[in-house]
>>> print(open('final36.tsv').read())   # TSV, C-alpha atoms
chain	number	residue	atom	x	y	z
Q	1	MET	CA	22.15	6.44	2.51
Q	2	ALA	CA	24.54	9.28	1.69
Q	3	TYR	CA	24.47	10.78	-1.81
Q	4	ALA	CA	27.14	12.95	-3.46
Q	5	ILE	CA	24.65	15.66	-4.39
Q	6	ASP	CA	26.04	18.82	-5.94
Q	7	PRO	CA	26.92	21.10	-2.99
Q	8	GLU	CA	24.89	24.01	-4.33
Q	9	LEU	CA	21.81	21.78	-4.53
Q	10	ALA	CA	22.49	19.92	-1.29
Q	11	ALA	CA	22.50	23.17	0.68
Q	12	ALA	CA	18.85	23.77	-0.17
Q	13	VAL	CA	17.37	20.26	-0.17
Q	14	HIS	CA	15.65	21.00	3.12
Q	15	MET	CA	13.64	23.75	1.39
Q	16	LEU	CA	11.90	21.31	-0.94
Q	17	PRO	CA	8.50	19.83	-0.06
Q	18	GLU	CA	8.32	16.28	1.29
Q	19	LEU	CA	5.86	14.32	-0.83
Q	20	ASP	CA	3.43	11.99	0.91
Q	21	LEU	CA	1.36	10.13	-1.64
Q	22	THR	CA	-0.38	8.02	0.99
Q	23	ASP	CA	-2.72	10.99	1.52
Q	24	LEU	CA	-3.53	12.24	-1.97
Q	25	PRO	CA	-6.09	14.91	-1.05
Q	26	THR	CA	-3.54	16.56	1.24
Q	27	ALA	CA	-0.75	16.16	-1.32
Q	28	ARG	CA	-2.87	17.77	-4.02
Q	29	LYS	CA	-3.89	20.60	-1.73
Q	30	GLY	CA	-0.25	21.14	-0.79
Q	31	MET	CA	0.71	21.47	-4.44
Q	32	GLU	CA	-2.03	24.03	-4.99
Q	33	GLU	CA	-0.81	26.03	-2.00
Q	34	LEU	CA	2.78	25.87	-3.21
Q	35	THR	CA	1.68	27.16	-6.62
Q	36	ARG	CA	-0.08	30.13	-4.98
Q	37	GLU	CA	2.96	30.86	-2.82
Q	38	LEU	CA	5.12	31.21	-5.92
Q	39	GLY	CA	3.16	34.37	-6.71
Q	40	GLU	CA	2.15	35.95	-9.97
Q	41	VAL	CA	3.83	34.93	-13.21
Q	42	ASP	CA	4.76	37.56	-15.80
Q	43	GLU	CA	2.51	36.73	-18.74
Q	44	THR	CA	3.54	39.76	-20.79
Q	45	GLY	CA	3.77	38.95	-24.47
Q	46	LEU	CA	1.37	36.02	-24.31
Q	47	SER	CA	-2.31	35.45	-24.87
Q	48	ILE	CA	-3.58	32.65	-22.62
Q	49	THR	CA	-6.94	31.06	-23.27
Q	50	GLU	CA	-8.94	28.23	-21.72
Q	51	ARG	CA	-10.30	25.79	-24.26
Q	52	THR	CA	-12.20	22.52	-24.10
Q	53	THR	CA	-12.63	19.52	-26.32
Q	54	THR	CA	-14.80	16.43	-26.06
Q	55	ARG	CA	-13.58	12.99	-25.07
Q	56	ALA	CA	-14.91	9.84	-26.73
Q	57	ASP	CA	-17.36	9.38	-23.83
Q	58	GLY	CA	-18.81	12.85	-24.33
Q	59	THR	CA	-17.19	14.49	-21.30
Q	60	GLU	CA	-15.12	17.65	-21.58
Q	61	LEU	CA	-11.34	17.83	-21.48
Q	62	ALA	CA	-9.84	21.16	-20.48
Q	63	LEU	CA	-6.87	22.64	-22.34
Q	64	ARG	CA	-4.89	25.81	-21.78
Q	65	VAL	CA	-3.33	27.54	-24.78
Q	66	TYR	CA	-0.33	29.86	-24.49
Q	67	ARG	CA	0.26	31.86	-27.66
Q	68	PRO	CA	3.15	34.33	-27.91
Q	69	ASP	CA	2.25	37.61	-29.56
Q	70	ASP	CA	4.83	36.86	-32.26
Q	71	ALA	CA	4.29	33.10	-32.23
Q	72	ALA	CA	6.31	30.90	-34.55
Q	73	PRO	CA	4.38	28.35	-36.66
Q	74	ALA	CA	5.23	25.55	-34.21
Q	75	ALA	CA	3.63	24.03	-31.12
Q	76	ILE	CA	4.44	22.10	-27.98
Q	77	LEU	CA	1.91	19.79	-26.32
Q	78	ALA	CA	2.79	20.10	-22.61
Q	79	ILE	CA	2.01	17.21	-20.27
Q	80	HIS	CA	2.54	17.83	-16.57
Q	81	GLY	CA	4.23	15.50	-14.11
Q	82	GLY	CA	3.18	14.32	-10.67
Q	83	GLY	CA	3.50	10.55	-10.57
Q	84	PHE	CA	0.17	10.15	-12.40
Q	85	VAL	CA	-1.59	11.13	-9.15
Q	86	ILE	CA	-0.90	14.82	-8.48
Q	87	GLY	CA	-0.07	17.87	-10.57
Q	88	SER	CA	-2.20	20.09	-12.77
Q	89	VAL	CA	-2.15	22.64	-15.54
Q	90	ASP	CA	-2.26	25.32	-12.84
Q	91	ALA	CA	0.78	23.88	-11.05
Q	92	ASP	CA	2.67	23.82	-14.36
Q	93	HIS	CA	1.56	27.31	-15.35
Q	94	PRO	CA	4.95	28.99	-14.67
Q	95	ARG	CA	6.71	26.25	-16.64
Q	96	ASN	CA	4.35	26.62	-19.60
Q	97	VAL	CA	4.67	30.40	-19.61
Q	98	ARG	CA	8.45	29.98	-19.73
Q	99	LEU	CA	8.22	27.42	-22.55
Q	100	ALA	CA	6.02	29.69	-24.67
Q	101	LYS	CA	8.08	32.81	-24.04
Q	102	GLU	CA	11.51	31.29	-24.50
Q	103	THR	CA	10.77	29.02	-27.47
Q	104	GLY	CA	8.29	31.29	-29.25
Q	105	ALA	CA	6.06	28.29	-29.94
Q	106	VAL	CA	2.39	27.89	-29.11
Q	107	VAL	CA	2.06	25.73	-25.99
Q	108	VAL	CA	-1.04	23.62	-25.34
Q	109	ALA	CA	-1.31	22.15	-21.84
Q	110	VAL	CA	-3.56	19.14	-21.22
Q	111	ALA	CA	-5.57	18.80	-17.99
Q	112	TYR	CA	-5.56	15.01	-18.07
Q	113	ARG	CA	-7.40	12.99	-15.44
Q	114	LEU	CA	-5.40	11.69	-12.48
Q	115	SER	CA	-5.14	8.26	-10.91
Q	116	PRO	CA	-6.31	6.34	-8.98
Q	117	GLU	CA	-9.71	7.90	-9.73
Q	118	THR	CA	-9.00	7.45	-13.45
Q	119	PRO	CA	-6.40	4.70	-13.93
Q	120	PHE	CA	-4.67	3.80	-17.19
Q	121	PRO	CA	-5.58	4.35	-19.98
Q	122	GLY	CA	-7.67	7.39	-18.99
Q	123	GLY	CA	-4.86	9.92	-18.60
Q	124	LEU	CA	-3.09	8.76	-21.76
Q	125	GLU	CA	-6.29	8.92	-23.79
Q	126	ASP	CA	-6.77	12.49	-22.56
Q	127	CYS	CA	-3.28	13.34	-23.82
Q	128	TYR	CA	-4.10	11.78	-27.19
Q	129	THR	CA	-7.34	13.76	-27.36
Q	130	GLY	CA	-5.32	16.89	-26.62
Q	131	LEU	CA	-2.91	16.05	-29.44
Q	132	GLU	CA	-5.80	15.54	-31.84
Q	133	TRP	CA	-7.28	18.89	-30.79
Q	134	LEU	CA	-3.98	20.65	-31.37
Q	135	ALA	CA	-3.57	19.13	-34.81
Q	136	GLY	CA	-7.20	19.86	-35.66
Q	137	HIS	CA	-6.81	23.53	-34.68
Q	138	ALA	CA	-3.39	24.01	-36.22
Q	139	GLY	CA	-4.72	26.41	-38.82
Q	140	GLU	CA	-6.45	28.56	-36.23
Q	141	LEU	CA	-3.32	28.61	-34.06
Q	142	GLY	CA	-0.97	29.29	-36.97
Q	143	VAL	CA	0.87	26.02	-36.43
Q	144	ASP	CA	2.61	23.91	-39.06
Q	145	LEU	CA	1.38	20.32	-38.70
Q	146	ASP	CA	4.94	19.09	-39.24
Q	147	ARG	CA	6.20	21.13	-36.27
Q	148	ILE	CA	4.40	19.72	-33.24
Q	149	ALA	CA	6.54	18.50	-30.33
Q	150	ILE	CA	5.49	16.88	-27.07
Q	151	ASN	CA	7.07	17.77	-23.73
Q	152	GLY	CA	6.81	16.26	-20.29
Q	153	TYR	CA	8.72	15.75	-17.06
Q	154	SER	CA	8.61	12.65	-14.82
Q	155	ALA	CA	5.17	11.04	-15.23
Q	156	GLY	CA	4.62	13.66	-17.93
Q	157	GLY	CA	7.71	12.34	-19.69
Q	158	GLY	CA	6.36	8.81	-19.40
Q	159	LEU	CA	3.02	9.91	-20.83
Q	160	CYS	CA	4.86	11.61	-23.70
Q	161	ALA	CA	6.75	8.39	-24.46
Q	162	ALA	CA	3.48	6.47	-24.42
Q	163	LEU	CA	1.75	9.13	-26.52
Q	164	ALA	CA	4.44	8.83	-29.20
Q	165	LEU	CA	3.84	5.07	-29.34
Q	166	LEU	CA	0.07	5.50	-29.44
Q	167	ALA	CA	0.14	8.15	-32.17
Q	168	ARG	CA	2.45	5.99	-34.29
Q	169	ASP	CA	0.31	2.88	-33.91
Q	170	ARG	CA	-3.00	4.66	-34.50
Q	171	GLY	CA	-1.70	6.64	-37.43
Q	172	GLY	CA	-2.54	9.78	-35.47
Q	173	PRO	CA	-1.20	13.32	-35.71
Q	174	ARG	CA	2.49	13.52	-36.54
Q	175	ILE	CA	4.83	14.30	-33.65
Q	176	CYS	CA	8.11	15.78	-34.82
Q	177	PHE	CA	9.93	15.48	-31.47
Q	178	GLN	CA	9.52	14.02	-27.99
Q	179	TYR	CA	11.14	15.73	-25.00
Q	180	LEU	CA	11.27	13.16	-22.21
Q	181	GLY	CA	12.41	14.80	-19.00
Q	182	VAL	CA	13.36	12.11	-16.41
Q	183	PRO	CA	10.59	9.90	-17.81
Q	184	GLU	CA	8.67	7.43	-15.66
Q	185	VAL	CA	8.45	4.49	-18.07
Q	186	ASP	CA	8.99	1.21	-16.21
Q	187	ASP	CA	6.56	-0.22	-13.66
Q	188	ARG	CA	8.82	-3.16	-12.81
Q	189	LEU	CA	11.17	-1.04	-10.67
Q	190	GLU	CA	13.95	-3.57	-11.16
Q	191	THR	CA	16.79	-1.26	-12.20
Q	192	ARG	CA	19.64	-0.56	-9.83
Q	193	SER	CA	18.55	3.04	-9.23
Q	194	ALA	CA	14.93	1.97	-8.61
Q	195	ARG	CA	16.03	-0.66	-6.10
Q	196	GLU	CA	18.62	1.41	-4.23
Q	197	PHE	CA	17.27	4.97	-4.12
Q	198	VAL	CA	14.74	4.55	-1.31
Q	199	ASP	CA	15.36	7.88	0.45
Q	200	THR	CA	16.47	10.34	-2.24
Q	201	PRO	CA	15.12	13.93	-2.22
Q	202	VAL	CA	11.69	14.63	-3.74
Q	203	TRP	CA	11.22	11.21	-5.41
Q	204	LYS	CA	12.12	7.79	-4.04
Q	205	ARG	CA	11.19	4.15	-4.52
Q	206	PRO	CA	8.22	4.07	-2.08
Q	207	LEU	CA	6.62	6.94	-4.00
Q	208	ALA	CA	7.24	5.17	-7.31
Q	209	GLU	CA	5.45	2.09	-5.97
Q	210	ILE	CA	2.40	4.15	-5.00
Q	211	SER	CA	2.50	5.93	-8.34
Q	212	TRP	CA	2.41	2.75	-10.41
Q	213	ASP	CA	-0.12	1.01	-8.15
Q	214	SER	CA	-2.42	4.01	-8.57
Q	215	TYR	CA	-1.96	4.23	-12.34
Q	216	LEU	CA	-2.22	0.52	-13.14
Q	217	GLY	CA	-4.43	-0.66	-10.28
Q	218	GLU	CA	-3.46	-2.62	-7.18
Q	219	GLY	CA	-1.62	-5.86	-7.85
Q	220	LYS	CA	-0.78	-5.15	-11.50
Q	221	ARG	CA	2.63	-3.49	-11.09
Q	222	GLY	CA	5.39	-5.76	-12.41
Q	223	GLY	CA	2.94	-8.27	-13.84
Q	224	GLU	CA	3.17	-9.90	-17.24
Q	225	ASP	CA	0.18	-8.17	-18.82
Q	226	VAL	CA	1.10	-4.49	-18.34
Q	227	SER	CA	0.62	-2.59	-21.59
Q	228	PRO	CA	3.57	-0.82	-23.21
Q	229	TYR	CA	1.25	2.16	-23.57
Q	230	ALA	CA	1.21	2.29	-19.77
Q	231	ALA	CA	4.90	1.48	-19.28
Q	232	PRO	CA	6.79	2.27	-22.51
Q	233	ALA	CA	9.90	0.42	-21.29
Q	234	ARG	CA	7.96	-2.75	-22.06
Q	235	ALA	CA	7.57	-1.87	-25.74
Q	236	THR	CA	9.40	-4.24	-28.08
Q	237	ASP	CA	9.10	-2.16	-31.25
Q	238	LEU	CA	10.30	1.45	-31.05
Q	239	ALA	CA	11.03	1.87	-34.75
Q	240	GLY	CA	9.57	4.89	-36.47
Q	241	LEU	CA	9.14	6.97	-33.33
Q	242	PRO	CA	9.99	10.69	-33.41
Q	243	PRO	CA	13.47	11.91	-32.46
Q	244	ALA	CA	13.88	12.25	-28.72
Q	245	TYR	CA	15.72	14.02	-25.94
Q	246	VAL	CA	15.97	12.11	-22.65
Q	247	SER	CA	17.28	13.55	-19.42
Q	248	ALA	CA	18.25	11.64	-16.27
Q	249	MET	CA	19.31	12.81	-12.82
Q	250	GLU	CA	22.13	11.02	-11.02
Q	251	PHE	CA	20.33	10.34	-7.73
Q	252	ASP	CA	16.85	9.56	-9.02
Q	253	PRO	CA	15.09	6.18	-8.90
Q	254	LEU	CA	14.03	6.87	-12.51
Q	255	ARG	CA	17.62	7.33	-13.69
Q	256	ASP	CA	18.34	3.89	-15.09
Q	257	GLU	CA	14.97	3.30	-16.72
Q	258	GLY	CA	15.29	6.61	-18.58
Q	259	ILE	CA	18.79	5.73	-19.78
Q	260	ALA	CA	17.67	2.23	-20.78
Q	261	TYR	CA	14.73	3.64	-22.74
Q	262	ALA	CA	17.02	6.07	-24.56
Q	263	LEU	CA	19.31	3.20	-25.52
Q	264	LYS	CA	16.36	1.15	-26.78
Q	265	LEU	CA	15.30	4.08	-28.95
Q	266	ILE	CA	18.84	4.32	-30.33
Q	267	ASP	CA	18.88	0.60	-31.07
Q	268	ALA	CA	15.62	1.08	-32.99
Q	269	GLY	CA	17.21	3.74	-35.18
Q	270	VAL	CA	15.56	6.71	-33.49
Q	271	PRO	CA	17.76	9.84	-33.20
Q	272	VAL	CA	18.29	10.47	-29.48
Q	273	GLU	CA	20.13	12.95	-27.30
Q	274	LEU	CA	20.69	11.66	-23.77
Q	275	HIS	CA	21.96	13.80	-20.89
Q	276	LEU	CA	22.73	12.54	-17.40
Q	277	PHE	CA	23.10	15.50	-15.03
Q	278	SER	CA	25.66	14.74	-12.34
Q	279	GLY	CA	25.02	15.53	-8.68
Q	280	THR	CA	21.30	16.05	-9.27
Q	281	PHE	CA	18.09	14.46	-8.04
Q	282	HIS	CA	14.52	14.25	-9.27
Q	283	GLY	CA	13.07	17.75	-9.36
Q	284	SER	CA	16.35	19.50	-8.56
Q	285	SER	CA	15.47	22.04	-11.27
Q	286	LEU	CA	13.04	23.48	-8.72
Q	287	LEU	CA	16.14	25.11	-7.21
Q	288	ALA	CA	16.41	27.30	-10.26
Q	289	TYR	CA	19.23	29.47	-8.88
Q	290	ALA	CA	21.66	26.51	-8.89
Q	291	GLN	CA	24.03	26.14	-11.80
Q	292	GLN	CA	23.02	22.55	-12.59
Q	293	ALA	CA	19.36	23.50	-12.53
Q	294	GLN	CA	20.02	26.43	-14.85
Q	295	ARG	CA	21.85	24.14	-17.25
Q	296	GLU	CA	18.90	21.77	-17.33
Q	297	LEU	CA	16.32	24.51	-17.86
Q	298	GLU	CA	18.37	26.31	-20.52
Q	299	GLU	CA	19.08	23.07	-22.36
Q	300	GLU	CA	15.37	22.26	-22.52
Q	301	ILE	CA	14.73	25.49	-24.42
Q	302	VAL	CA	17.72	25.02	-26.73
Q	303	VAL	CA	16.67	21.45	-27.52
Q	304	LEU	CA	13.05	22.35	-28.25
Q	305	ARG	CA	13.93	25.39	-30.36
Q	306	ARG	CA	16.30	23.29	-32.44
Q	307	ALA	CA	13.78	20.46	-32.83
Q	308	LEU	CA	11.08	22.90	-33.96
Q	309	GLY	CA	13.37	24.80	-36.30
Q	310	LEU	CA	13.16	28.03	-34.29
>>> encode(input="final36.tsv", output="structure tokens")
Amino acid sequence: MAYAIDPELAAAVHMLPELDLTDLPTARKGMEELTRELGEVDETGLSITERTTTRADGTELALRVYRPDDAAPAAILAIHGGGFVIGSVDADHPRNVRLAKETGAVVVAVAYRLSPETPFPGGLEDCYTGLEWLAGHAGELGVDLDRIAINGYSAGGGLCAALALLARDRGGPRICFQYLGVPEVDDRLETRSAREFVDTPVWKRPLAEISWDSYLGEGKRGGEDVSPYAAPARATDLAGLPPAYVSAMEFDPLRDEGIAYALKLIDAGVPVELHLFSGTFHGSSLLAYAQQAQRELEEEIVVLRRALGL
């Protein structure tokens, strides 16, 4: 199928990695290699520390804290993407350095467990544990408890949406803002974009099927008993959630579910900013030289700074 991708992006699509989630060990190794190939990241002006906290079962959860030298009293809990099955704090290191430097906020990245080894709710519970740790160490980090945002892209955006629901329903730490970058929120894959975009760059329907089957367990995708904490699009009560920003890319299987979730938030009285980037695809911001990618990356910083009062 032909797609009217922005010419500047289309010219470099061939440079992007082809994901194969049928072989997860190789896919994970490939991501690690790609991260190393990107070279050193300029960490000037930041202190970066490795921390741990304890899960309910007594095992350790790793966190990475990025604190600007002149940090503002605000924080971002960063949740990486990767379809619930790949990705890591290391792979998102350049992104988190950029977030900390350009917002001035403390960034805490969560090394949540991946599926299928740890299916739902393991990864989400890790994110909640990370949020509790951040709130519990707010004084040490110089963070105002009323200025904690959550940020994620793709599966990370879906986990952020779920985390906002979970924190509301448990009466957990207050989240002042949720940044949902192309969020993966609907396991049913029934939207037009999910049905039609079977060969789009970077992310396509067959990968989404593997992603949800890994996260939920084989045979559960699209069933009647999937929890809204796994697939937030299934939630029927979105009232009282934090203000949100939702982005969508034109040629992305996740496009329509992200837009639909934003509209559901609006209907529930939640303040929402929704941006559909034309001519783009899932992960097109990897081509950071392109004008559309620059707009997306710059807007993320502007949105977060405004939400955190920076």
>>> residues_around(input="final36.tsv", residues="segment 205-208 of chain Q", least_positions_apart="3", cutoff="6 Å", atoms="all atoms listed in the file", output="list of chain:residue names")
Q:Ala194, Q:Val198, Q:Ser211
>>> closest_atom_pairs(input="final36.tsv", of="segment 117-228 of chain Q", to="segment 253-275 of chain Q", cutoff="6 Å", atoms="all atoms listed in the file", output="Markdown table")
| residue | atom | partner | partner_atom | distance |
| --- | --- | --- | --- | --- |
| Q:Pro183 | CA | Q:Gly258 | CA | 5.8 |
| Q:Ser193 | CA | Q:Pro253 | CA | 4.7 |
| Q:Ala194 | CA | Q:Pro253 | CA | 4.2 |
| Q:Phe197 | CA | Q:Pro253 | CA | 5.4 |
| Q:Lys204 | CA | Q:Pro253 | CA | 5.9 |
>>> residues_near_point(input="final36.tsv", point="(-1.3, 8.5, -20.5)", cutoff="12 Å", atoms="all atoms listed in the file", output="NGL selection string")
:Q and (79-81 or 83-85 or 110-115 or 118-131 or 152 or 155-167 or 184-185 or 215-216 or 227-232)
>>> write_last_selection(input="final36.tsv", atoms="C-alpha atoms", output="mmCIF file, keeping the file's coordinate frame")
data_model
loop_
_atom_site.group_PDB
_atom_site.id
_atom_site.type_symbol
_atom_site.label_atom_id
_atom_site.label_comp_id
_atom_site.auth_asym_id
_atom_site.auth_seq_id
_atom_site.Cartn_x
_atom_site.Cartn_y
_atom_site.Cartn_z
ATOM 1 C CA ILE Q 79 2.010 17.210 -20.270
ATOM 2 C CA HIS Q 80 2.540 17.830 -16.570
ATOM 3 C CA GLY Q 81 4.230 15.500 -14.110
ATOM 4 C CA GLY Q 83 3.500 10.550 -10.570
ATOM 5 C CA PHE Q 84 0.170 10.150 -12.400
ATOM 6 C CA VAL Q 85 -1.590 11.130 -9.150
ATOM 7 C CA VAL Q 110 -3.560 19.140 -21.220
ATOM 8 C CA ALA Q 111 -5.570 18.800 -17.990
ATOM 9 C CA TYR Q 112 -5.560 15.010 -18.070
ATOM 10 C CA ARG Q 113 -7.400 12.990 -15.440
ATOM 11 C CA LEU Q 114 -5.400 11.690 -12.480
ATOM 12 C CA SER Q 115 -5.140 8.260 -10.910
ATOM 13 C CA THR Q 118 -9.000 7.450 -13.450
ATOM 14 C CA PRO Q 119 -6.400 4.700 -13.930
ATOM 15 C CA PHE Q 120 -4.670 3.800 -17.190
ATOM 16 C CA PRO Q 121 -5.580 4.350 -19.980
ATOM 17 C CA GLY Q 122 -7.670 7.390 -18.990
ATOM 18 C CA GLY Q 123 -4.860 9.920 -18.600
ATOM 19 C CA LEU Q 124 -3.090 8.760 -21.760
ATOM 20 C CA GLU Q 125 -6.290 8.920 -23.790
ATOM 21 C CA ASP Q 126 -6.770 12.490 -22.560
ATOM 22 C CA CYS Q 127 -3.280 13.340 -23.820
ATOM 23 C CA TYR Q 128 -4.100 11.780 -27.190
ATOM 24 C CA THR Q 129 -7.340 13.760 -27.360
ATOM 25 C CA GLY Q 130 -5.320 16.890 -26.620
ATOM 26 C CA LEU Q 131 -2.910 16.050 -29.440
ATOM 27 C CA GLY Q 152 6.810 16.260 -20.290
ATOM 28 C CA ALA Q 155 5.170 11.040 -15.230
ATOM 29 C CA GLY Q 156 4.620 13.660 -17.930
ATOM 30 C CA GLY Q 157 7.710 12.340 -19.690
ATOM 31 C CA GLY Q 158 6.360 8.810 -19.400
ATOM 32 C CA LEU Q 159 3.020 9.910 -20.830
ATOM 33 C CA CYS Q 160 4.860 11.610 -23.700
ATOM 34 C CA ALA Q 161 6.750 8.390 -24.460
ATOM 35 C CA ALA Q 162 3.480 6.470 -24.420
ATOM 36 C CA LEU Q 163 1.750 9.130 -26.520
ATOM 37 C CA ALA Q 164 4.440 8.830 -29.200
ATOM 38 C CA LEU Q 165 3.840 5.070 -29.340
ATOM 39 C CA LEU Q 166 0.070 5.500 -29.440
ATOM 40 C CA ALA Q 167 0.140 8.150 -32.170
ATOM 41 C CA GLU Q 184 8.670 7.430 -15.660
ATOM 42 C CA VAL Q 185 8.450 4.490 -18.070
ATOM 43 C CA TYR Q 215 -1.960 4.230 -12.340
ATOM 44 C CA LEU Q 216 -2.220 0.520 -13.140
ATOM 45 C CA SER Q 227 0.620 -2.590 -21.590
ATOM 46 C CA PRO Q 228 3.570 -0.820 -23.210
ATOM 47 C CA TYR Q 229 1.250 2.160 -23.570
ATOM 48 C CA ALA Q 230 1.210 2.290 -19.770
ATOM 49 C CA ALA Q 231 4.900 1.480 -19.280
ATOM 50 C CA PRO Q 232 6.790 2.270 -22.510
#
>>> axis_aligned_box(input="final36.tsv", around="segment 6-15 of chain Q", padding_each_side="3 Å", output="lines of an AutoDock Vina configuration file")
center_x = 20.3
center_y = 21.4
center_z = -1.4
size_x = 19.3
size_y = 11.2
size_z = 15.1
>>> atom_distance(input="final36.tsv", atom1="atom CA of His14 of chain Q", atom2="atom CA of Thr200 of chain Q")
12.0 Å
>>> atom_distance(input="final36.tsv", atom1="atom CA of Val97 of chain Q", atom2="atom CA of Ala78 of chain Q")
10.9 Å
>>> closest_residue(input="final36.tsv", among="Q:Ala2, Q:Leu99, Q:Ile210, Q:Ala149", to="Glu300 of chain Q", atoms="only C-alpha atoms")
Q:Leu99
>>> residues_near_point(input="final36.tsv", point="(-10.9, 27.8, -16.1)", cutoff="10 Å", atoms="only C-alpha atoms", output="list in words")
Thr49, Glu50, Arg51, Thr52, Ala62, Leu63, Arg64 and Asp90 of chain Q
>>> atom_distance(input="final36.tsv", atom1="atom CA of Trp133 of chain Q", atom2="atom CA of Leu238 of chain Q")
24.8 Å
>>> closest_residue(input="final36.tsv", among="Q:Asp186, Q:Val226, Q:Glu37, Q:Asp6", to="Glu209 of chain Q", atoms="only C-alpha atoms")
Q:Asp186
>>> closest_residue(input="final36.tsv", among="Q:Gly279, Q:Pro242, Q:Gly171, Q:Pro68", to="Leu46 of chain Q", atoms="all atoms listed in the file")
Q:Pro68
>>> closest_residue(input="final36.tsv", among="Q:Ser47, Q:Thr236, Q:Thr191, Q:Ser88", to="Ala71 of chain Q", atoms="all atoms listed in the file")
Q:Ser47
>>> closest_residue(input="final36.tsv", among="Q:Gly136, Q:Gly217, Q:Pro201, Q:Gly87", to="Glu18 of chain Q", atoms="only C-alpha atoms")
Q:Pro201
>>> closest_residue(input="final36.tsv", among="Q:Leu21, Q:Val143, Q:Leu241, Q:Ile301", to="Pro116 of chain Q", atoms="all atoms listed in the file")
Q:Leu21
>>> build_atoms(input="final36.tsv", residues="segment 61-66 of chain Q", atoms="all heavy atoms", output="PDB file, in the frame of the given file")
ATOM      1  N   LEU Q  61     -12.751  17.781 -21.853  1.00  0.00           N
ATOM      2  CA  LEU Q  61     -11.340  17.830 -21.480  1.00  0.00           C
ATOM      3  C   LEU Q  61     -10.879  19.267 -21.573  1.00  0.00           C
ATOM      4  O   LEU Q  61     -11.060  19.921 -22.608  1.00  0.00           O
ATOM      5  CB  LEU Q  61     -10.506  16.948 -22.410  1.00  0.00           C
ATOM      6  CG  LEU Q  61      -8.984  17.053 -22.276  1.00  0.00           C
ATOM      7  CD1 LEU Q  61      -8.521  16.525 -20.925  1.00  0.00           C
ATOM      8  CD2 LEU Q  61      -8.283  16.306 -23.415  1.00  0.00           C
ATOM      9  N   ALA Q  62     -10.300  19.777 -20.498  1.00  0.00           N
ATOM     10  CA  ALA Q  62      -9.840  21.160 -20.480  1.00  0.00           C
ATOM     11  C   ALA Q  62      -8.419  21.260 -21.033  1.00  0.00           C
ATOM     12  O   ALA Q  62      -7.558  20.408 -20.771  1.00  0.00           O
ATOM     13  CB  ALA Q  62      -9.876  21.719 -19.059  1.00  0.00           C
ATOM     14  N   LEU Q  63      -8.176  22.331 -21.779  1.00  0.00           N
ATOM     15  CA  LEU Q  63      -6.870  22.640 -22.340  1.00  0.00           C
ATOM     16  C   LEU Q  63      -6.558  24.104 -22.045  1.00  0.00           C
ATOM     17  O   LEU Q  63      -7.461  24.923 -21.931  1.00  0.00           O
ATOM     18  CB  LEU Q  63      -6.846  22.420 -23.857  1.00  0.00           C
ATOM     19  CG  LEU Q  63      -7.295  21.049 -24.376  1.00  0.00           C
ATOM     20  CD1 LEU Q  63      -7.600  21.142 -25.861  1.00  0.00           C
ATOM     21  CD2 LEU Q  63      -6.221  20.007 -24.113  1.00  0.00           C
ATOM     22  N   ARG Q  64      -5.289  24.417 -21.928  1.00  0.00           N
ATOM     23  CA  ARG Q  64      -4.890  25.810 -21.780  1.00  0.00           C
ATOM     24  C   ARG Q  64      -3.879  26.130 -22.880  1.00  0.00           C
ATOM     25  O   ARG Q  64      -2.879  25.431 -23.032  1.00  0.00           O
ATOM     26  CB  ARG Q  64      -4.278  26.086 -20.404  1.00  0.00           C
ATOM     27  CG  ARG Q  64      -3.933  27.566 -20.182  1.00  0.00           C
ATOM     28  CD  ARG Q  64      -3.474  27.811 -18.744  1.00  0.00           C
ATOM     29  NE  ARG Q  64      -4.573  27.561 -17.802  1.00  0.00           N
ATOM     30  CZ  ARG Q  64      -4.414  27.531 -16.473  1.00  0.00           C
ATOM     31  NH1 ARG Q  64      -3.213  27.721 -15.940  1.00  0.00           N
ATOM     32  NH2 ARG Q  64      -5.456  27.309 -15.694  1.00  0.00           N
ATOM     33  N   VAL Q  65      -4.152  27.188 -23.622  1.00  0.00           N
ATOM     34  CA  VAL Q  65      -3.330  27.540 -24.780  1.00  0.00           C
ATOM     35  C   VAL Q  65      -2.539  28.812 -24.478  1.00  0.00           C
ATOM     36  O   VAL Q  65      -3.122  29.837 -24.092  1.00  0.00           O
ATOM     37  CB  VAL Q  65      -4.196  27.744 -26.038  1.00  0.00           C
ATOM     38  CG1 VAL Q  65      -3.323  28.129 -27.230  1.00  0.00           C
ATOM     39  CG2 VAL Q  65      -4.993  26.474 -26.344  1.00  0.00           C
ATOM     40  N   TYR Q  66      -1.238  28.728 -24.672  1.00  0.00           N
ATOM     41  CA  TYR Q  66      -0.330  29.860 -24.490  1.00  0.00           C
ATOM     42  C   TYR Q  66       0.199  30.242 -25.871  1.00  0.00           C
ATOM     43  O   TYR Q  66       0.919  29.467 -26.507  1.00  0.00           O
ATOM     44  CB  TYR Q  66       0.854  29.461 -23.603  1.00  0.00           C
ATOM     45  CG  TYR Q  66       0.492  28.946 -22.227  1.00  0.00           C
ATOM     46  CD1 TYR Q  66      -0.024  27.659 -22.051  1.00  0.00           C
ATOM     47  CD2 TYR Q  66       0.684  29.729 -21.096  1.00  0.00           C
ATOM     48  CE1 TYR Q  66      -0.342  27.177 -20.788  1.00  0.00           C
ATOM     49  CE2 TYR Q  66       0.374  29.262 -19.829  1.00  0.00           C
ATOM     50  CZ  TYR Q  66      -0.146  27.985 -19.685  1.00  0.00           C
ATOM     51  OH  TYR Q  66      -0.445  27.503 -18.426  1.00  0.00           O
TER      52      TYR Q  66
END
